[in-house]
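*Asks:* Dropping in structure.tsv, which is TSV, C-alpha atoms:
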chain	number	residue	atom	x	y	z
U	1162	MET	CA	8.77	-3.31	17.50
U	1163	LYS	CA	10.03	-1.07	14.69
U	1164	ILE	CA	7.31	0.11	12.30
U	1165	ALA	CA	7.86	1.72	8.89
U	1166	PHE	CA	5.01	4.19	8.50
U	1167	GLY	CA	3.91	6.32	5.59
U	1168	VAL	CA	0.94	8.27	4.34
U	1169	ASP	CA	0.21	10.18	1.17
U	1170	PRO	CA	-2.10	13.23	1.23
U	1171	GLY	CA	-5.20	10.97	1.22
U	1172	GLY	CA	-4.07	9.27	4.42
U	1173	PHE	CA	-2.83	12.43	6.09
U	1174	CYS	CA	-6.05	12.90	8.10
U	1175	LEU	CA	-5.19	9.80	10.19
U	1176	ARG	CA	-1.45	10.45	10.40
U	1177	GLU	CA	-1.14	12.16	13.78
U	1178	GLY	CA	-3.62	9.90	15.54
U	1179	VAL	CA	-2.07	6.68	14.25
U	1180	LEU	CA	1.48	7.89	14.99
U	1181	ALA	CA	0.48	8.79	18.55
U	1182	HIS	CA	-1.19	5.41	18.98
U	1183	LEU	CA	1.83	3.46	17.70
U	1184	LYS	CA	4.19	5.39	19.97
U	1185	GLU	CA	1.82	4.95	22.93
U	1186	LYS	CA	1.99	1.19	22.32
U	1187	GLY	CA	5.79	1.43	22.61
U	1188	HIS	CA	6.68	1.02	18.94
U	1189	GLU	CA	9.59	2.81	17.31
U	1190	VAL	CA	8.29	4.50	14.17
U	1191	LEU	CA	10.15	5.38	10.97
U	1192	ASP	CA	8.02	8.10	9.34
U	1193	LEU	CA	8.67	7.69	5.61
U	1194	GLY	CA	5.74	9.51	4.04
U	1195	THR	CA	4.07	12.91	3.90
U	1196	GLN	CA	4.87	14.78	7.10
U	1197	ASP	CA	3.22	18.07	6.18
U	1198	MET	CA	0.80	19.02	3.43
U	1199	ASP	CA	3.16	21.68	2.09
U	1200	ASN	CA	5.43	18.81	0.96
U	1201	PRO	CA	3.13	15.97	-0.08
U	1202	ILE	CA	4.66	12.67	-1.14
U	1203	PRO	CA	2.67	10.59	-3.67
U	1204	TYR	CA	1.54	7.09	-2.77
U	1205	MET	CA	3.95	5.44	-5.23
U	1206	ILE	CA	6.96	6.87	-3.39
U	1207	VAL	CA	5.53	6.28	0.09
U	1208	GLY	CA	4.73	2.65	-0.74
U	1209	ARG	CA	8.23	2.07	-2.02
U	1210	ASN	CA	9.84	3.77	1.01
U	1211	VAL	CA	7.90	1.63	3.48
U	1212	ALA	CA	8.28	-1.61	1.51
U	1213	GLU	CA	12.04	-1.16	1.21
U	1214	ALA	CA	12.35	-0.48	4.94
U	1215	VAL	CA	10.45	-3.67	5.76
U	1216	THR	CA	12.07	-5.93	3.16
U	1217	SER	CA	15.57	-4.74	4.08
U	1218	GLY	CA	15.00	-5.48	7.79
U	1219	LYS	CA	15.16	-1.83	8.89
U	1220	ALA	CA	11.60	-2.29	10.16
U	1221	ASP	CA	9.64	-5.29	11.42
U	1222	PHE	CA	6.33	-4.29	9.82
U	1223	GLY	CA	4.85	-1.47	7.79
U	1224	VAL	CA	1.72	0.69	7.92
U	1225	VAL	CA	0.69	2.67	4.83
U	1226	MET	CA	-2.30	4.88	4.12
U	1227	CYS	CA	-3.72	6.70	1.11
U	1228	GLY	CA	-7.32	7.75	0.41
U	1229	THR	CA	-8.73	4.24	-0.01
U	1230	GLY	CA	-5.68	2.10	0.75
U	1231	MET	CA	-5.87	0.56	-2.71
U	1232	GLY	CA	-3.32	2.61	-4.64
U	1233	ILE	CA	-0.70	2.50	-1.93
U	1234	SER	CA	-1.15	-1.26	-1.46
U	1235	ILE	CA	-0.59	-1.83	-5.18
U	1236	ALA	CA	2.52	0.38	-5.18
U	1237	THR	CA	3.86	-1.26	-2.03
U	1238	ASN	CA	3.48	-4.74	-3.48
U	1239	LYS	CA	5.72	-3.84	-6.43
U	1240	ILE	CA	8.74	-4.27	-4.14
U	1241	LYS	CA	10.09	-7.81	-3.95
U	1242	GLY	CA	9.35	-9.36	-0.57
U	1243	ALA	CA	6.58	-6.91	0.33
U	1244	ARG	CA	3.31	-8.57	1.27
U	1245	CYS	CA	0.96	-5.64	1.72
U	1246	ALA	CA	-2.67	-6.31	2.60
U	1247	MET	CA	-5.27	-3.61	2.05
U	1248	VAL	CA	-7.82	-4.16	4.80
U	1249	GLU	CA	-11.16	-2.65	5.77
U	1250	SER	CA	-12.03	-4.77	8.79
U	1251	TYR	CA	-10.61	-6.18	11.98
U	1252	TYR	CA	-11.18	-9.68	10.60
U	1253	ALA	CA	-9.29	-8.98	7.36
U	1254	ALA	CA	-6.38	-7.44	9.30
U	1255	ARG	CA	-6.13	-10.55	11.48
U	1256	GLU	CA	-6.48	-13.00	8.60
U	1257	SER	CA	-3.88	-11.15	6.51
U	1258	ARG	CA	-1.32	-12.12	9.13
U	1259	ILE	CA	-2.57	-15.66	9.85
U	1260	ILE	CA	-3.08	-16.78	6.26
U	1261	ASN	CA	-0.91	-14.48	4.13
U	1262	ASP	CA	1.93	-13.58	6.49
U	1263	ALA	CA	1.43	-9.96	5.40
U	1264	ASN	CA	4.24	-7.68	6.55
U	1265	ILE	CA	2.58	-4.38	5.66
U	1266	ILE	CA	-0.98	-3.20	6.27
U	1267	ALA	CA	-2.69	-0.63	4.03
U	1268	LEU	CA	-5.62	1.47	5.18
U	1269	GLY	CA	-7.83	4.14	3.65
U	1270	GLY	CA	-7.65	7.57	5.25
U	1271	THR	CA	-11.00	8.61	3.81
U	1272	THR	CA	-12.71	5.27	4.45
U	1273	THR	CA	-11.51	4.42	7.96
U	1274	SER	CA	-12.09	6.05	11.34
U	1275	LEU	CA	-9.13	6.64	13.61
U	1276	ARG	CA	-10.49	4.17	16.18
U	1277	MET	CA	-10.96	1.46	13.56
U	1278	ALA	CA	-7.53	2.15	12.02
U	1279	CYS	CA	-5.85	1.73	15.39
U	1280	GLU	CA	-7.78	-1.46	16.15
U	1281	MET	CA	-6.89	-2.98	12.78
U	1282	ILE	CA	-3.23	-2.03	13.15
U	1283	ASP	CA	-3.13	-3.49	16.66
U	1284	VAL	CA	-4.57	-6.85	15.64
U	1285	PHE	CA	-2.29	-6.93	12.59
U	1286	LEU	CA	0.82	-6.38	14.73
U	1287	GLU	CA	-0.28	-8.76	17.51
U	1288	THR	CA	-1.27	-11.69	15.29
U	1289	LYS	CA	1.27	-14.36	14.37
U	1290	TRP	CA	1.47	-16.14	11.05
U	1291	GLY	CA	-0.38	-19.48	11.17
U	1292	GLN	CA	-1.85	-18.70	14.61
U	1293	GLY	CA	-4.51	-21.27	15.51
U	1294	LEU	CA	-4.35	-23.20	12.24
U	1295	PRO	CA	-4.00	-26.99	12.12
U	1296	ASP	CA	-0.61	-28.30	11.00
U	1297	PHE	CA	-1.84	-29.59	7.63
U	1298	ARG	CA	-3.18	-26.12	6.76
U	1299	VAL	CA	0.04	-24.41	7.82
U	1300	GLN	CA	1.99	-26.78	5.57
U	1301	ARG	CA	-0.35	-26.09	2.64
U	1302	ILE	CA	0.14	-22.34	3.11
U	1303	LYS	CA	3.94	-22.75	3.39
U	1304	ASP	CA	3.95	-24.70	0.12
U	1305	GLY	CA	1.89	-21.98	-1.54
U	1306	ALA	CA	4.19	-19.26	-0.20
U	1307	LYS	CA	7.20	-21.06	-1.72
U	1308	LYS	CA	5.38	-21.10	-5.07
U	1309	LEU	CA	4.68	-17.36	-4.79
U	1310	ALA	CA	8.35	-16.72	-4.01
U	1311	GLU	CA	9.27	-18.64	-7.17
U	1312	TYR	CA	6.86	-16.48	-9.21
U	1313	GLU	CA	8.36	-13.39	-7.62
U	1314	ASP	CA	11.90	-14.53	-8.55
U	1315	GLU	CA	10.74	-15.14	-12.13
U	1316	GLN	CA	9.27	-11.63	-12.37
U	1317	PHE	CA	11.78	-9.60	-10.35
U	1318	GLY	CA	14.92	-11.73	-10.49
U	1319	LYS	CA	16.74	-13.25	-7.57
Any chance you could give the structure as structure tokens?
*Replies:*
Amino acid sequence: MKIAFGVDPGGFCLREGVLAHLKEKGHEVLDLGTQDMDNPIPYMIVGRNVAEAVTSGKADFGVVMCGTGMGISIATNKIKGARCAMVESYYAARESRIINDANIIALGGTTTSLRMACEMIDVFLETKWGQGLPDFRVQRIKDGAKKLAEYEDEQFGK
């Protein structure tokens, strides 16, 4: 799987460990954020870089990190087609895929341990949209997703 990856200075503390983990799992990683603290890239730019890679099809999924995960998730979601979920638990990471079909996960570098970050990323990448839901619920979510896409077209254009 190809993963667009990016951290700002607040997520830099997890960078090497998460990159090593993703590569160990066999993923190809596009590193689109801060790569050394002498050249920090702010979360707004990192979020855009990762979101554009995912929405253009250059990457299958994205992983972004800032201090809390909040700022970078907001910035990432400004790109049409990005569905970035800021998560703080294994459960939320899993549900973001099942219910929301999230294509990018946001984590906090100062609020998340390396072990927990890797576990949340793994479940995010391994979980399929709609997994385990009854058909009527999947249809309800599909209908809601179409409505969200219409709102997105109204706001961002087609």
*Asks:* Can you measure CA of Met1277 in chain U to CA of Leu1191 in chain U for me? One decimal in Å is fine.
*Replies:*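 So the two atoms, CA of Met1277 in chain U and CA of Leu1191 in chain U, lie 21.6 Å apart.
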*Asks:* Contacts between range 1305-1309 of chain U and range 1178-1277 of chain U, please, where a residue of range 1178-1277 of chain U counts if it comes within 12 Å (with only C-alpha atoms); show its shortest atom pair and distance in Å to one decimal, rows by chain and ascending number, as JSON lines.
*Replies:*
{"residue": "U:Lys1241", "atom": "CA", "partner": "U:Leu1309", "partner_atom": "CA", "distance": 11.0}
{"residue": "U:Gly1242", "atom": "CA", "partner": "U:Leu1309", "partner_atom": "CA", "distance": 10.2}
{"residue": "U:Ala1243", "atom": "CA", "partner": "U:Leu1309", "partner_atom": "CA", "distance": 11.8}
{"residue": "U:Arg1244", "atom": "CA", "partner": "U:Leu1309", "partner_atom": "CA", "distance": 10.8}
{"residue": "U:Ile1260", "atom": "CA", "partner": "U:Ala1306", "partner_atom": "CA", "distance": 10.0}
{"residue": "U:Asn1261", "atom": "CA", "partner": "U:Ala1306", "partner_atom": "CA", "distance": 8.2}
{"residue": "U:Asp1262", "atom": "CA", "partner": "U:Ala1306", "partner_atom": "CA", "distance": 9.1}
{"residue": "U:Ala1263", "atom": "CA", "partner": "U:Ala1306", "partner_atom": "CA", "distance": 11.2}
*Asks:* Near range 1203-1214 of chain U, counting only C-alpha atoms, which residues have an atom at most 10 Å away, once you skip same-chain residues fewer than 6 positions from it, shown as a ChimeraX atom specification?
*Replies:* /U:1164-1172,1191-1195,1220-1228,1230-1245,1264-1265,1267
*Asks:* To one decimal place, how far is CA of Lys1289 in chain U from CA of Ser1257 in chain U in Å?
*Replies:*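 Result for CA of Lys1289 in chain U versus CA of Ser1257 in chain U: 9.9 Å, one decimal.
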*Asks:* With all atoms listed in the file as the basis for distance, which of U:Gly1270, U:Ala1310, U:Val1215, U:Asp1283 is at the shortest distance from Gly1187 in chain U?
*Replies:*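 Under the stated criterion, the closest residue is U:Asp1283.
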*Asks:* Have a look at U:Val1190, U:Ile1259, U:Ile1302, U:Leu1175 and name the one nearest to Lys1163 in chain U; count only C-alpha atoms.
*Replies:* U:Val1190
*Asks:* Which distance in Å separates CA of Glu1280 in chain U and CA of His1182 in chain U, to one decimal?
*Replies:*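 The value is 9.9 Å.
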*Asks:* Name the closest residue to Phe1173 in chain U among the candidates U:Ala1253, U:Ala1278, U:Met1198, U:Val1248; distances are taken between atoms, counting only C-alpha atoms.
*Replies:*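 Nearest to Phe1173 in chain U: U:Met1198.
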*Asks:* Quick one: of U:Cys1174, U:Asp1296, U:Ile1202, U:Phe1285, who's nearest to Tyr1252 in chain U, counting all atoms listed in the file?
*Replies:* U:Phe1285
*Asks:* For Thr1273 in chain U, which residue among U:Thr1229, U:Tyr1312, U:Val1299, U:Thr1288 is the nearest when counting all atoms listed in the file?
*Replies:* U:Thr1229
*Asks:* Can you complete the atoms of range 1282-1312 of chain U to N, CA and C atoms and list them as an mmCIF file, keeping the file's coordinate frame?
*Replies:*
data_model
loop_
_atom_site.group_PDB
_atom_site.id
_atom_site.type_symbol
_atom_site.label_atom_id
_atom_site.label_comp_id
_atom_site.auth_asym_id
_atom_site.auth_seq_id
_atom_site.Cartn_x
_atom_site.Cartn_y
_atom_site.Cartn_z
ATOM 1 N N ILE U 1282 -4.687 -2.000 13.052
ATOM 2 C CA ILE U 1282 -3.230 -2.030 13.150
ATOM 3 C C ILE U 1282 -2.806 -2.887 14.341
ATOM 4 N N ASP U 1283 -3.469 -2.704 15.469
ATOM 5 C CA ASP U 1283 -3.130 -3.490 16.660
ATOM 6 C C ASP U 1283 -3.264 -4.988 16.412
ATOM 7 N N VAL U 1284 -4.380 -5.411 15.858
ATOM 8 C CA VAL U 1284 -4.570 -6.850 15.640
ATOM 9 C C VAL U 1284 -3.573 -7.353 14.605
ATOM 10 N N PHE U 1285 -3.280 -6.562 13.601
ATOM 11 C CA PHE U 1285 -2.290 -6.930 12.590
ATOM 12 C C PHE U 1285 -0.933 -7.179 13.253
ATOM 13 N N LEU U 1286 -0.499 -6.271 14.102
ATOM 14 C CA LEU U 1286 0.820 -6.380 14.730
ATOM 15 C C LEU U 1286 0.881 -7.465 15.807
ATOM 16 N N GLU U 1287 -0.248 -7.779 16.418
ATOM 17 C CA GLU U 1287 -0.280 -8.760 17.510
ATOM 18 C C GLU U 1287 -0.479 -10.198 17.027
ATOM 19 N N THR U 1288 -0.943 -10.369 15.798
ATOM 20 C CA THR U 1288 -1.270 -11.690 15.290
ATOM 21 C C THR U 1288 -0.040 -12.329 14.642
ATOM 22 N N LYS U 1289 0.142 -13.595 14.925
ATOM 23 C CA LYS U 1289 1.270 -14.360 14.370
ATOM 24 C C LYS U 1289 0.818 -15.155 13.149
ATOM 25 N N TRP U 1290 1.746 -15.332 12.229
ATOM 26 C CA TRP U 1290 1.470 -16.140 11.050
ATOM 27 C C TRP U 1290 1.105 -17.565 11.476
ATOM 28 N N GLY U 1291 0.032 -18.111 10.901
ATOM 29 C CA GLY U 1291 -0.380 -19.480 11.170
ATOM 30 C C GLY U 1291 -1.078 -19.691 12.502
ATOM 31 N N GLN U 1292 -1.264 -18.622 13.257
ATOM 32 C CA GLN U 1292 -1.850 -18.700 14.610
ATOM 33 C C GLN U 1292 -3.188 -19.434 14.594
ATOM 34 N N GLY U 1293 -3.261 -20.529 15.340
ATOM 35 C CA GLY U 1293 -4.510 -21.270 15.510
ATOM 36 C C GLY U 1293 -4.864 -22.218 14.379
ATOM 37 N N LEU U 1294 -4.038 -22.311 13.352
ATOM 38 C CA LEU U 1294 -4.350 -23.200 12.240
ATOM 39 C C LEU U 1294 -3.827 -24.613 12.505
ATOM 40 N N PRO U 1295 -4.523 -25.621 11.992
ATOM 41 C CA PRO U 1295 -4.000 -26.990 12.120
ATOM 42 C C PRO U 1295 -2.748 -27.157 11.279
ATOM 43 N N ASP U 1296 -1.897 -28.095 11.665
ATOM 44 C CA ASP U 1296 -0.610 -28.300 11.000
ATOM 45 C C ASP U 1296 -0.726 -28.530 9.494
ATOM 46 N N PHE U 1297 -1.719 -29.308 9.063
ATOM 47 C CA PHE U 1297 -1.840 -29.590 7.630
ATOM 48 C C PHE U 1297 -2.118 -28.306 6.848
ATOM 49 N N ARG U 1298 -2.868 -27.386 7.444
ATOM 50 C CA ARG U 1298 -3.180 -26.120 6.760
ATOM 51 C C ARG U 1298 -1.956 -25.215 6.716
ATOM 52 N N VAL U 1299 -1.193 -25.193 7.795
ATOM 53 C CA VAL U 1299 0.040 -24.410 7.820
ATOM 54 C C VAL U 1299 0.985 -24.909 6.731
ATOM 55 N N GLN U 1300 1.108 -26.219 6.597
ATOM 56 C CA GLN U 1300 1.990 -26.780 5.570
ATOM 57 C C GLN U 1300 1.507 -26.400 4.169
ATOM 58 N N ARG U 1301 0.207 -26.451 3.948
ATOM 59 C CA ARG U 1301 -0.350 -26.090 2.640
ATOM 60 C C ARG U 1301 -0.032 -24.627 2.317
ATOM 61 N N ILE U 1302 -0.147 -23.758 3.314
ATOM 62 C CA ILE U 1302 0.140 -22.340 3.110
ATOM 63 C C ILE U 1302 1.638 -22.125 2.870
ATOM 64 N N LYS U 1303 2.486 -22.847 3.607
ATOM 65 C CA LYS U 1303 3.940 -22.750 3.390
ATOM 66 C C LYS U 1303 4.297 -23.150 1.963
ATOM 67 N N ASP U 1304 3.688 -24.237 1.490
ATOM 68 C CA ASP U 1304 3.950 -24.700 0.120
ATOM 69 C C ASP U 1304 3.515 -23.637 -0.892
ATOM 70 N N GLY U 1305 2.375 -23.043 -0.653
ATOM 71 C CA GLY U 1305 1.890 -21.980 -1.540
ATOM 72 C C GLY U 1305 2.781 -20.757 -1.506
ATOM 73 N N ALA U 1306 3.289 -20.414 -0.334
ATOM 74 C CA ALA U 1306 4.190 -19.260 -0.200
ATOM 75 C C ALA U 1306 5.485 -19.491 -0.967
ATOM 76 N N LYS U 1307 5.991 -20.725 -0.951
ATOM 77 C CA LYS U 1307 7.200 -21.060 -1.720
ATOM 78 C C LYS U 1307 6.931 -20.857 -3.212
ATOM 79 N N LYS U 1308 5.750 -21.258 -3.656
ATOM 80 C CA LYS U 1308 5.380 -21.100 -5.070
ATOM 81 C C LYS U 1308 5.315 -19.608 -5.408
ATOM 82 N N LEU U 1309 4.731 -18.812 -4.544
ATOM 83 C CA LEU U 1309 4.680 -17.360 -4.790
ATOM 84 C C LEU U 1309 6.070 -16.763 -4.853
ATOM 85 N N ALA U 1310 6.972 -17.217 -3.989
ATOM 86 C CA ALA U 1310 8.350 -16.720 -4.010
ATOM 87 C C ALA U 1310 9.026 -17.074 -5.334
ATOM 88 N N GLU U 1311 8.722 -18.259 -5.861
ATOM 89 C CA GLU U 1311 9.270 -18.640 -7.170
ATOM 90 C C GLU U 1311 8.735 -17.710 -8.264
ATOM 91 N N TYR U 1312 7.442 -17.400 -8.236
ATOM 92 C CA TYR U 1312 6.860 -16.480 -9.210
ATOM 93 C C TYR U 1312 7.524 -15.113 -9.096
#
